[in-house]
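Printed here is work.pdb (PDB, C-alpha atoms and all ligand atoms):
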```
ATOM      1  CA  MET A1500       0.000   0.000   0.000  1.00  0.00           C
ATOM      2  CA  THR A1501       1.413   3.371  -0.962  1.00  0.00           C
ATOM      3  CA  LEU A1502       1.836   6.112   1.604  1.00  0.00           C
ATOM      4  CA  LEU A1503      -0.794   8.179  -0.196  1.00  0.00           C
ATOM      5  CA  ARG A1504      -3.312   5.329  -0.034  1.00  0.00           C
ATOM      6  CA  GLN A1505      -2.503   4.729   3.657  1.00  0.00           C
ATOM      7  CA  THR A1506      -3.007   8.400   4.421  1.00  0.00           C
ATOM      8  CA  PHE A1507      -6.277   8.381   2.480  1.00  0.00           C
ATOM      9  CA  GLN A1508      -7.497   5.303   4.395  1.00  0.00           C
ATOM     10  CA  ARG A1509      -6.569   6.875   7.737  1.00  0.00           C
ATOM     11  CA  ALA A1510      -8.445  10.028   6.753  1.00  0.00           C
ATOM     12  CA  LEU A1511     -11.502   7.929   5.853  1.00  0.00           C
ATOM     13  CA  GLU A1512     -11.297   6.211   9.224  1.00  0.00           C
ATOM     14  CA  LEU A1513     -11.439   9.621  10.911  1.00  0.00           C
ATOM     15  CA  VAL A1514     -14.262  11.007   8.751  1.00  0.00           C
ATOM     16  CA  LEU A1515     -16.548   7.982   8.485  1.00  0.00           C
ATOM     17  CA  PRO A1516     -18.430   6.978  11.624  1.00  0.00           C
ATOM     18  CA  ALA A1517     -17.314   3.678  13.168  1.00  0.00           C
ATOM     19  CA  ARG A1518     -19.502   0.687  12.259  1.00  0.00           C
ATOM     20  CA  CYS A1519     -19.453  -2.865  13.603  1.00  0.00           C
ATOM     21  CA  VAL A1520     -17.943  -5.155  10.956  1.00  0.00           C
ATOM     22  CA  GLY A1521     -20.605  -7.769  11.756  1.00  0.00           C
ATOM     23  CA  CYS A1522     -23.945  -5.978  12.163  1.00  0.00           C
ATOM     24  CA  GLY A1523     -23.282  -2.361  11.214  1.00  0.00           C
ATOM     25  CA  LYS A1524     -24.015  -1.018  14.694  1.00  0.00           C
ATOM     26  CA  ALA A1525     -22.701   2.543  15.086  1.00  0.00           C
ATOM     27  CA  ARG A1526     -19.824   3.814  17.256  1.00  0.00           C
ATOM     28  CA  THR A1527     -17.950   0.504  17.437  1.00  0.00           C
ATOM     29  CA  TYR A1528     -15.787  -1.543  15.067  1.00  0.00           C
ATOM     30  CA  LEU A1529     -16.846  -4.866  16.597  1.00  0.00           C
ATOM     31  CA  CYS A1530     -19.822  -4.970  18.992  1.00  0.00           C
ATOM     32  CA  ASP A1531     -20.167  -7.221  22.039  1.00  0.00           C
ATOM     33  CA  SER A1532     -23.059  -9.235  20.626  1.00  0.00           C
ATOM     34  CA  CYS A1533     -21.106  -9.988  17.433  1.00  0.00           C
ATOM     35  CA  VAL A1534     -18.120 -11.107  19.543  1.00  0.00           C
ATOM     36  CA  ASP A1535     -20.482 -13.283  21.619  1.00  0.00           C
ATOM     37  CA  SER A1536     -21.926 -14.799  18.434  1.00  0.00           C
ATOM     38  CA  MET A1537     -18.506 -16.020  17.241  1.00  0.00           C
ATOM     39  CA  GLU A1538     -17.757 -19.716  17.523  1.00  0.00           C
ATOM     40  CA  VAL A1539     -15.283 -20.600  20.284  1.00  0.00           C
ATOM     41  CA  PRO A1540     -12.701 -23.250  19.316  1.00  0.00           C
ATOM     42  CA  HIS A1541     -12.700 -26.534  21.243  1.00  0.00           C
ATOM     43  CA  PRO A1542     -10.427 -26.843  22.996  1.00  0.00           C
ATOM     44  CA  ARG A1543      -9.636 -23.138  23.310  1.00  0.00           C
ATOM     45  CA  THR A1544      -6.063 -24.021  24.244  1.00  0.00           C
ATOM     46  CA  ILE A1545      -3.975 -26.482  22.268  1.00  0.00           C
ATOM     47  CA  ALA A1546      -1.189 -28.238  24.164  1.00  0.00           C
ATOM     48  CA  ALA A1547       2.435 -28.006  23.151  1.00  0.00           C
ATOM     49  CA  ASP A1548       2.923 -31.490  21.668  1.00  0.00           C
ATOM     50  CA  GLY A1549       5.707 -31.219  19.123  1.00  0.00           C
ATOM     51  CA  TYR A1550       5.816 -27.414  19.265  1.00  0.00           C
ATOM     52  CA  ALA A1551       8.340 -25.025  20.824  1.00  0.00           C
ATOM     53  CA  PHE A1552       5.557 -23.074  22.577  1.00  0.00           C
ATOM     54  CA  ASP A1553       3.865 -24.183  25.792  1.00  0.00           C
ATOM     55  CA  GLY A1554       0.334 -23.790  24.450  1.00  0.00           C
ATOM     56  CA  VAL A1555      -1.774 -21.653  22.149  1.00  0.00           C
ATOM     57  CA  THR A1556      -5.090 -20.126  23.149  1.00  0.00           C
ATOM     58  CA  SER A1557      -7.396 -18.742  20.459  1.00  0.00           C
ATOM     59  CA  ALA A1558     -10.442 -16.591  21.240  1.00  0.00           C
ATOM     60  CA  VAL A1559     -12.611 -17.564  18.265  1.00  0.00           C
ATOM     61  CA  VAL A1560     -12.825 -19.733  15.151  1.00  0.00           C
ATOM     62  CA  TYR A1561     -11.558 -18.093  11.926  1.00  0.00           C
ATOM     63  CA  ASP A1562     -14.898 -17.904  10.157  1.00  0.00           C
ATOM     64  CA  GLY A1563     -17.742 -15.489   9.400  1.00  0.00           C
ATOM     65  CA  ILE A1564     -17.524 -12.177  11.274  1.00  0.00           C
ATOM     66  CA  ALA A1565     -14.198 -13.187  12.857  1.00  0.00           C
ATOM     67  CA  ARG A1566     -12.698 -13.606   9.396  1.00  0.00           C
ATOM     68  CA  ASP A1567     -14.170 -10.256   8.302  1.00  0.00           C
ATOM     69  CA  ALA A1568     -12.654  -8.583  11.390  1.00  0.00           C
ATOM     70  CA  VAL A1569      -9.187  -9.999  10.582  1.00  0.00           C
ATOM     71  CA  HIS A1570      -9.493  -8.786   6.984  1.00  0.00           C
ATOM     72  CA  GLN A1571     -10.476  -5.289   8.123  1.00  0.00           C
ATOM     73  CA  LEU A1572      -7.468  -5.226  10.457  1.00  0.00           C
ATOM     74  CA  LYS A1573      -4.971  -6.700   8.011  1.00  0.00           C
ATOM     75  CA  PHE A1574      -5.993  -5.569   4.563  1.00  0.00           C
ATOM     76  CA  ARG A1575      -8.403  -2.633   4.960  1.00  0.00           C
ATOM     77  CA  ASN A1576      -6.190  -0.545   7.268  1.00  0.00           C
ATOM     78  CA  VAL A1577      -8.877  -0.425  10.001  1.00  0.00           C
ATOM     79  CA  ARG A1578      -6.359  -0.259  12.843  1.00  0.00           C
ATOM     80  CA  ALA A1579      -8.951   0.789  15.420  1.00  0.00           C
ATOM     81  CA  ILE A1580     -10.617  -2.652  15.294  1.00  0.00           C
ATOM     82  CA  ALA A1581      -7.558  -4.203  17.026  1.00  0.00           C
ATOM     83  CA  ALA A1582      -8.587  -2.896  20.460  1.00  0.00           C
ATOM     84  CA  TYR A1583     -11.986  -4.610  20.092  1.00  0.00           C
ATOM     85  CA  MET A1584     -10.463  -7.901  18.918  1.00  0.00           C
ATOM     86  CA  ALA A1585      -8.013  -7.822  21.831  1.00  0.00           C
ATOM     87  CA  VAL A1586     -10.832  -7.900  24.408  1.00  0.00           C
ATOM     88  CA  PRO A1587     -11.829 -11.577  23.990  1.00  0.00           C
ATOM     89  CA  MET A1588      -8.108 -12.437  23.637  1.00  0.00           C
ATOM     90  CA  ALA A1589      -7.207 -10.814  26.961  1.00  0.00           C
ATOM     91  CA  ARG A1590     -10.217 -12.489  28.594  1.00  0.00           C
ATOM     92  CA  GLY A1591      -8.672 -15.872  27.739  1.00  0.00           C
ATOM     93  CA  ILE A1592      -5.402 -15.146  29.540  1.00  0.00           C
ATOM     94  CA  SER A1593      -5.155 -16.817  32.925  1.00  0.00           C
ATOM     95  CA  ALA A1594      -3.759 -14.590  35.680  1.00  0.00           C
ATOM     96  CA  SER A1595      -2.165 -17.704  37.210  1.00  0.00           C
ATOM     97  CA  LEU A1596       0.402 -17.823  34.389  1.00  0.00           C
ATOM     98  CA  ALA A1597       2.199 -14.769  35.886  1.00  0.00           C
ATOM     99  CA  LEU A1598       3.328 -13.443  32.489  1.00  0.00           C
ATOM    100  CA  ASP A1599       6.323 -11.084  32.369  1.00  0.00           C
ATOM    101  CA  ALA A1600       6.000  -9.657  28.851  1.00  0.00           C
ATOM    102  CA  VAL A1601       3.731  -9.469  25.805  1.00  0.00           C
ATOM    103  CA  VAL A1602       5.609  -9.939  22.494  1.00  0.00           C
ATOM    104  CA  PRO A1603       3.949  -9.683  19.050  1.00  0.00           C
ATOM    105  CA  VAL A1604       4.923 -11.926  16.125  1.00  0.00           C
ATOM    106  CA  PRO A1605       6.887  -9.493  13.942  1.00  0.00           C
ATOM    107  CA  LEU A1606       6.493  -8.837  10.235  1.00  0.00           C
ATOM    108  CA  HIS A1607       9.477  -8.701   7.939  1.00  0.00           C
ATOM    109  CA  ARG A1608      10.658  -5.115   7.281  1.00  0.00           C
ATOM    110  CA  SER A1609       9.496  -5.139   3.666  1.00  0.00           C
ATOM    111  CA  ARG A1610       5.999  -6.366   4.625  1.00  0.00           C
ATOM    112  CA  LEU A1611       5.861  -3.756   7.393  1.00  0.00           C
ATOM    113  CA  ARG A1612       6.754  -1.031   4.871  1.00  0.00           C
ATOM    114  CA  GLU A1613       4.075  -2.260   2.500  1.00  0.00           C
ATOM    115  CA  ARG A1614       1.289  -2.446   5.112  1.00  0.00           C
ATOM    116  CA  GLY A1615       2.478   0.453   7.270  1.00  0.00           C
ATOM    117  CA  TYR A1616       1.785  -1.382  10.538  1.00  0.00           C
ATOM    118  CA  ASN A1617       1.943  -4.821  12.135  1.00  0.00           C
ATOM    119  CA  GLN A1618      -1.500  -6.136  13.096  1.00  0.00           C
ATOM    120  CA  ALA A1619       0.021  -8.367  15.804  1.00  0.00           C
ATOM    121  CA  THR A1620       1.661  -5.290  17.361  1.00  0.00           C
ATOM    122  CA  LEU A1621      -1.711  -3.511  17.558  1.00  0.00           C
ATOM    123  CA  LEU A1622      -3.337  -6.556  19.194  1.00  0.00           C
ATOM    124  CA  GLY A1623      -0.384  -7.122  21.542  1.00  0.00           C
ATOM    125  CA  ARG A1624      -0.255  -3.514  22.732  1.00  0.00           C
ATOM    126  CA  SER A1625      -3.945  -3.562  23.578  1.00  0.00           C
ATOM    127  CA  ILE A1626      -3.677  -6.913  25.406  1.00  0.00           C
ATOM    128  CA  ALA A1627      -0.646  -5.716  27.398  1.00  0.00           C
ATOM    129  CA  GLU A1628      -2.629  -2.667  28.560  1.00  0.00           C
ATOM    130  CA  GLN A1629      -5.614  -4.801  29.540  1.00  0.00           C
ATOM    131  CA  ILE A1630      -3.655  -7.370  31.574  1.00  0.00           C
ATOM    132  CA  ASP A1631      -1.114  -4.797  32.819  1.00  0.00           C
ATOM    133  CA  VAL A1632       2.007  -6.626  31.603  1.00  0.00           C
ATOM    134  CA  PRO A1633       4.974  -4.865  29.874  1.00  0.00           C
ATOM    135  CA  PHE A1634       4.714  -4.721  26.059  1.00  0.00           C
ATOM    136  CA  GLU A1635       7.961  -5.591  24.226  1.00  0.00           C
ATOM    137  CA  PRO A1636       7.505  -5.175  20.447  1.00  0.00           C
ATOM    138  CA  THR A1637      11.255  -5.054  19.686  1.00  0.00           C
ATOM    139  CA  TRP A1638      12.430  -8.270  21.326  1.00  0.00           C
ATOM    140  CA  LEU A1639      11.571 -10.489  18.381  1.00  0.00           C
ATOM    141  CA  THR A1640      12.635  -9.685  14.801  1.00  0.00           C
ATOM    142  CA  ARG A1641      12.075 -11.414  11.494  1.00  0.00           C
ATOM    143  CA  LYS A1642      15.200 -12.100   9.505  1.00  0.00           C
ATOM    144  CA  HIS A1643      13.713 -12.950   6.118  1.00  0.00           C
ATOM    145  CA  GLN A1644      10.403 -13.378   4.349  1.00  0.00           C
ATOM    146  CA  SER A1645       8.805 -16.685   5.261  1.00  0.00           C
ATOM    147  CA  GLY A1646       7.341 -16.603   1.723  1.00  0.00           C
ATOM    148  CA  ARG A1647      10.697 -17.859   0.516  1.00  0.00           C
ATOM    149  CA  GLN A1648      10.001 -21.153   2.250  1.00  0.00           C
ATOM    150  CA  VAL A1649       8.015 -22.330  -0.790  1.00  0.00           C
ATOM    151  CA  GLU A1650      11.333 -22.427  -2.655  1.00  0.00           C
ATOM    152  CA  ALA A1651      12.787 -24.928  -0.197  1.00  0.00           C
ATOM    153  CA  LYS A1652      12.755 -28.394  -1.707  1.00  0.00           C
ATOM    154  CA  ASP A1653      11.706 -30.721   1.091  1.00  0.00           C
ATOM    155  CA  VAL A1654       9.840 -30.643   4.404  1.00  0.00           C
ATOM    156  CA  ALA A1655      12.982 -30.628   6.561  1.00  0.00           C
ATOM    157  CA  ALA A1656      14.466 -27.765   4.555  1.00  0.00           C
ATOM    158  CA  ARG A1657      11.213 -25.782   4.796  1.00  0.00           C
ATOM    159  CA  GLN A1658      11.054 -26.328   8.550  1.00  0.00           C
ATOM    160  CA  ALA A1659      14.681 -25.276   8.990  1.00  0.00           C
ATOM    161  CA  ASN A1660      13.933 -22.200   6.863  1.00  0.00           C
ATOM    162  CA  VAL A1661      10.913 -21.168   8.982  1.00  0.00           C
ATOM    163  CA  ARG A1662      12.754 -21.943  12.218  1.00  0.00           C
ATOM    164  CA  SER A1663      15.600 -19.639  11.264  1.00  0.00           C
ATOM    165  CA  ALA A1664      13.225 -16.804  10.314  1.00  0.00           C
ATOM    166  CA  PHE A1665      13.129 -15.232  13.792  1.00  0.00           C
ATOM    167  CA  LEU A1666      15.743 -13.762  16.094  1.00  0.00           C
ATOM    168  CA  SER A1667      15.086 -12.966  19.761  1.00  0.00           C
ATOM    169  CA  SER A1668      16.711 -10.575  22.203  1.00  0.00           C
ATOM    170  CA  THR A1669      18.276 -12.246  25.249  1.00  0.00           C
ATOM    171  CA  ALA A1670      16.198  -9.824  27.335  1.00  0.00           C
ATOM    172  CA  VAL A1671      13.632 -12.682  27.448  1.00  0.00           C
ATOM    173  CA  ALA A1672      15.997 -14.902  29.472  1.00  0.00           C
ATOM    174  CA  GLY A1673      14.192 -16.353  32.472  1.00  0.00           C
ATOM    175  CA  LEU A1674      10.861 -14.711  31.578  1.00  0.00           C
ATOM    176  CA  ARG A1675       7.359 -15.998  30.822  1.00  0.00           C
ATOM    177  CA  VAL A1676       6.208 -14.579  27.505  1.00  0.00           C
ATOM    178  CA  ALA A1677       2.798 -14.103  25.907  1.00  0.00           C
ATOM    179  CA  LEU A1678       3.359 -14.367  22.130  1.00  0.00           C
ATOM    180  CA  VAL A1679       0.578 -12.644  20.154  1.00  0.00           C
ATOM    181  CA  ASP A1680      -0.620 -13.081  16.557  1.00  0.00           C
ATOM    182  CA  ASP A1681      -3.885 -12.529  14.690  1.00  0.00           C
ATOM    183  CA  VAL A1682      -4.574 -16.022  13.302  1.00  0.00           C
ATOM    184  CA  MET A1683      -3.210 -19.508  13.930  1.00  0.00           C
ATOM    185  CA  THR A1684      -3.293 -21.763  10.879  1.00  0.00           C
ATOM    186  CA  THR A1685      -0.736 -24.591  10.992  1.00  0.00           C
ATOM    187  CA  GLY A1686       1.101 -23.228  14.035  1.00  0.00           C
ATOM    188  CA  ALA A1687       4.399 -23.175  12.095  1.00  0.00           C
ATOM    189  CA  THR A1688       4.917 -19.421  12.511  1.00  0.00           C
ATOM    190  CA  LEU A1689       4.146 -19.470  16.243  1.00  0.00           C
ATOM    191  CA  ASP A1690       6.395 -22.516  16.619  1.00  0.00           C
ATOM    192  CA  ALA A1691       9.294 -20.774  14.868  1.00  0.00           C
ATOM    193  CA  ALA A1692       8.854 -17.555  16.863  1.00  0.00           C
ATOM    194  CA  ALA A1693       8.585 -19.521  20.125  1.00  0.00           C
ATOM    195  CA  ALA A1694      11.709 -21.513  19.235  1.00  0.00           C
ATOM    196  CA  ALA A1695      13.662 -18.251  18.861  1.00  0.00           C
ATOM    197  CA  LEU A1696      12.376 -16.956  22.223  1.00  0.00           C
ATOM    198  CA  LYS A1697      13.252 -20.261  23.922  1.00  0.00           C
ATOM    199  CA  ALA A1698      16.706 -20.295  22.305  1.00  0.00           C
ATOM    200  CA  ALA A1699      17.274 -16.843  23.829  1.00  0.00           C
ATOM    201  CA  GLY A1700      16.378 -18.224  27.262  1.00  0.00           C
ATOM    202  CA  ALA A1701      12.615 -17.638  27.648  1.00  0.00           C
ATOM    203  CA  LEU A1702      11.272 -19.773  30.488  1.00  0.00           C
ATOM    204  CA  ALA A1703       7.809 -20.227  28.943  1.00  0.00           C
ATOM    205  CA  VAL A1704       6.027 -19.071  25.776  1.00  0.00           C
ATOM    206  CA  HIS A1705       2.235 -19.031  25.759  1.00  0.00           C
ATOM    207  CA  CYS A1706       0.666 -18.044  22.428  1.00  0.00           C
ATOM    208  CA  TYR A1707      -2.525 -16.049  22.013  1.00  0.00           C
ATOM    209  CA  THR A1708      -4.307 -15.536  18.716  1.00  0.00           C
ATOM    210  CA  PHE A1709      -7.589 -13.838  17.964  1.00  0.00           C
ATOM    211  CA  ALA A1710      -8.692 -16.651  15.680  1.00  0.00           C
ATOM    212  CA  ARG A1711      -7.833 -20.240  14.845  1.00  0.00           C
ATOM    213  CA  ASP A1712      -8.283 -21.600  11.336  1.00  0.00           C
ATOM    214  CA  VAL A1713      -9.824 -25.029  12.012  1.00  0.00           C
TER     215      VAL A1713
HETATM  216 ZN    ZN B   1     -22.071  -6.182  15.706  1.00  0.00          ZN
END
```
What does the file become when written as structure tokens?
Amino acid sequence: MTLLRQTFQRALELVLPARCVGCGKARTYLCDSCVDSMEVPHPRTIAADGYAFDGVTSAVVYDGIARDAVHQLKFRNVRAIAAYMAVPMARGISASLALDAVVPVPLHRSRLRERGYNQATLLGRSIAEQIDVPFEPTWLTRKHQSGRQVEAKDVAARQANVRSAFLSSTAVAGLRVALVDDVMTTGATLDAAAAALKAAGALAVHCYTFARDV
């Protein structure tokens, strides 16, 4: 998206009244009853079997209004919807986990330039405020485009490619981290990001996504 188009979209966001993406209700981007109507995945939390993370909790199933909300956030530049999507995510975070930091899954620099913002950063910042845990958007970085993985010839090579895509600050050493992303599909991205955090010494990595593609 060009800077001009981004600026135009932001201006539209300011001029047009907010509407719920699901029902069109005014003065909200996602109303409570639409959130309540979304299907909850069963189980809400998937255990860590075979993954570097300790578990992944998703608020809703990636379908219907939930899918529309993700598209508004990711592709329509409706940044303000993130705070509404973060509410059911934060609700699913157990206080007993004693989290030390909220870290968003980063975008590669070129993707960030293209989109102008990272949707996981917007969600993560809002969650961190709600659960009163420090927000650390710079601890995890993306070294190369995961899109290149399709060029890798076999499964092992692809996995190695994804696994090497992230780099973590050693500031995470000894800490319990909440890793935030918008959608979980195969879990490969969360796994790779969690592996980097663990390699840098993170004690635990619990993942939180708005939606799960089931
Ligand atoms: Zn609604």
Counting all atoms listed in the file, name the residues that have an atom within 7 Å of an atom of ligand ZN 1 (chain B); the answer should be given as a ChimeraX atom specification. /A:1519-1524,1529-1533
I need the chosen residues saved as a tab-separated table (two decimals), in the coordinates of the input, with C-alpha atoms.
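Full text of out.tsv as output:
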```tsv
chain	number	residue	atom	x	y	z
A	1519	CYS	CA	-19.45	-2.86	13.60
A	1520	VAL	CA	-17.94	-5.16	10.96
A	1521	GLY	CA	-20.60	-7.77	11.76
A	1522	CYS	CA	-23.94	-5.98	12.16
A	1523	GLY	CA	-23.28	-2.36	11.21
A	1524	LYS	CA	-24.02	-1.02	14.69
A	1529	LEU	CA	-16.85	-4.87	16.60
A	1530	CYS	CA	-19.82	-4.97	18.99
A	1531	ASP	CA	-20.17	-7.22	22.04
A	1532	SER	CA	-23.06	-9.24	20.63
A	1533	CYS	CA	-21.11	-9.99	17.43
```
Do you know which residues are at most 10 Å from stretch 1603-1617 of chain A counting all atoms listed in the file, after dropping those on the same chain fewer than 6 positions away, and could you put them as number ranges by chain? A: 1500-1502, 1505, 1572-1576, 1578, 1623-1624, 1634-1645, 1664-1665, 1677-1681, 1688-1689, 1691-1693, 1706-1707
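Residue nearest A:Ala1699 within the list A:Ala1597, A:Thr1684, A:Ser1668, A:Leu1674: A:Ser1668 [criterion: smallest interatomic distance, only C-alpha atoms].
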Quick one: everything within 8 Å of A:Arg1543, counting all atoms listed in the file, minus sequence neighbours fewer than 3 positions away in the same chain. Send it as a PyMOL selection string. chain A and resi 1539-1540+1556-1558
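Nearest to A:Met1584 of all the residues A:Phe1552, A:Tyr1561, A:Phe1507, A:Tyr1528 is A:Tyr1528, counting only C-alpha atoms.
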Using Å and a single decimal, report how far atom CA of A:His1705 sits from atom CA of A:Gln1629. 16.7 Å
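You will find atom CA of A:Glu1538 at 11.8 Å from atom CA of A:Phe1709.
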With all atoms listed in the file as the basis for distance, which of A:Val1704, A:Leu1503, A:Met1537, A:Met1683 is at the shortest distance from A:Val1601? A:Val1704
Enter the distance from atom CA of A:Ala1585 to atom CA of A:Val1676, in Å, rounded to one decimal. 16.7 Å
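Candidate residues A:Leu1696, A:Arg1590, A:Ala1525, A:His1541 were compared for distance to A:Asp1553, and the nearest is A:Leu1696, using all atoms listed in the file.
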Around all the atoms of stretch 1544-1553 of chain A listed in the file, with 6 Å of room on each side, what axis-aligned box do you get, giving centre and edge lengths in Å to one decimal, as JSON?
```
{"center_x": 1.1, "center_y": -27.3, "center_z": 22.5, "size_x": 26.4, "size_y": 20.4, "size_z": 18.7}
```
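Closest approach to A:Ala1565 from the set A:Ser1595, A:Ser1663, A:Val1534, A:Ala1582 is made by A:Val1534, with distances taken over all atoms listed in the file.
Around the point (5.2, -30.5, 20.0), within 12 Å and counting all atoms listed in the file, we find these residues: Ile1545, Ala1546, Ala1547, Asp1548, Gly1549, Tyr1550, Ala1551, Phe1552, Asp1553, Gly1554, Val1555, Gly1686, Ala1687, Leu1689, Asp1690, Ala1691, Ala1693 and Ala1694 of chain A.
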Determine, counting only C-alpha atoms, which protein, DNA and RNA residues have an atom within 6 Å of an atom of A:Ala1701; residues of the same chain fewer than 2 positions away are not included. Present the result as a PyMOL selection string. chain A and resi 1671-1674+1696-1697+1703
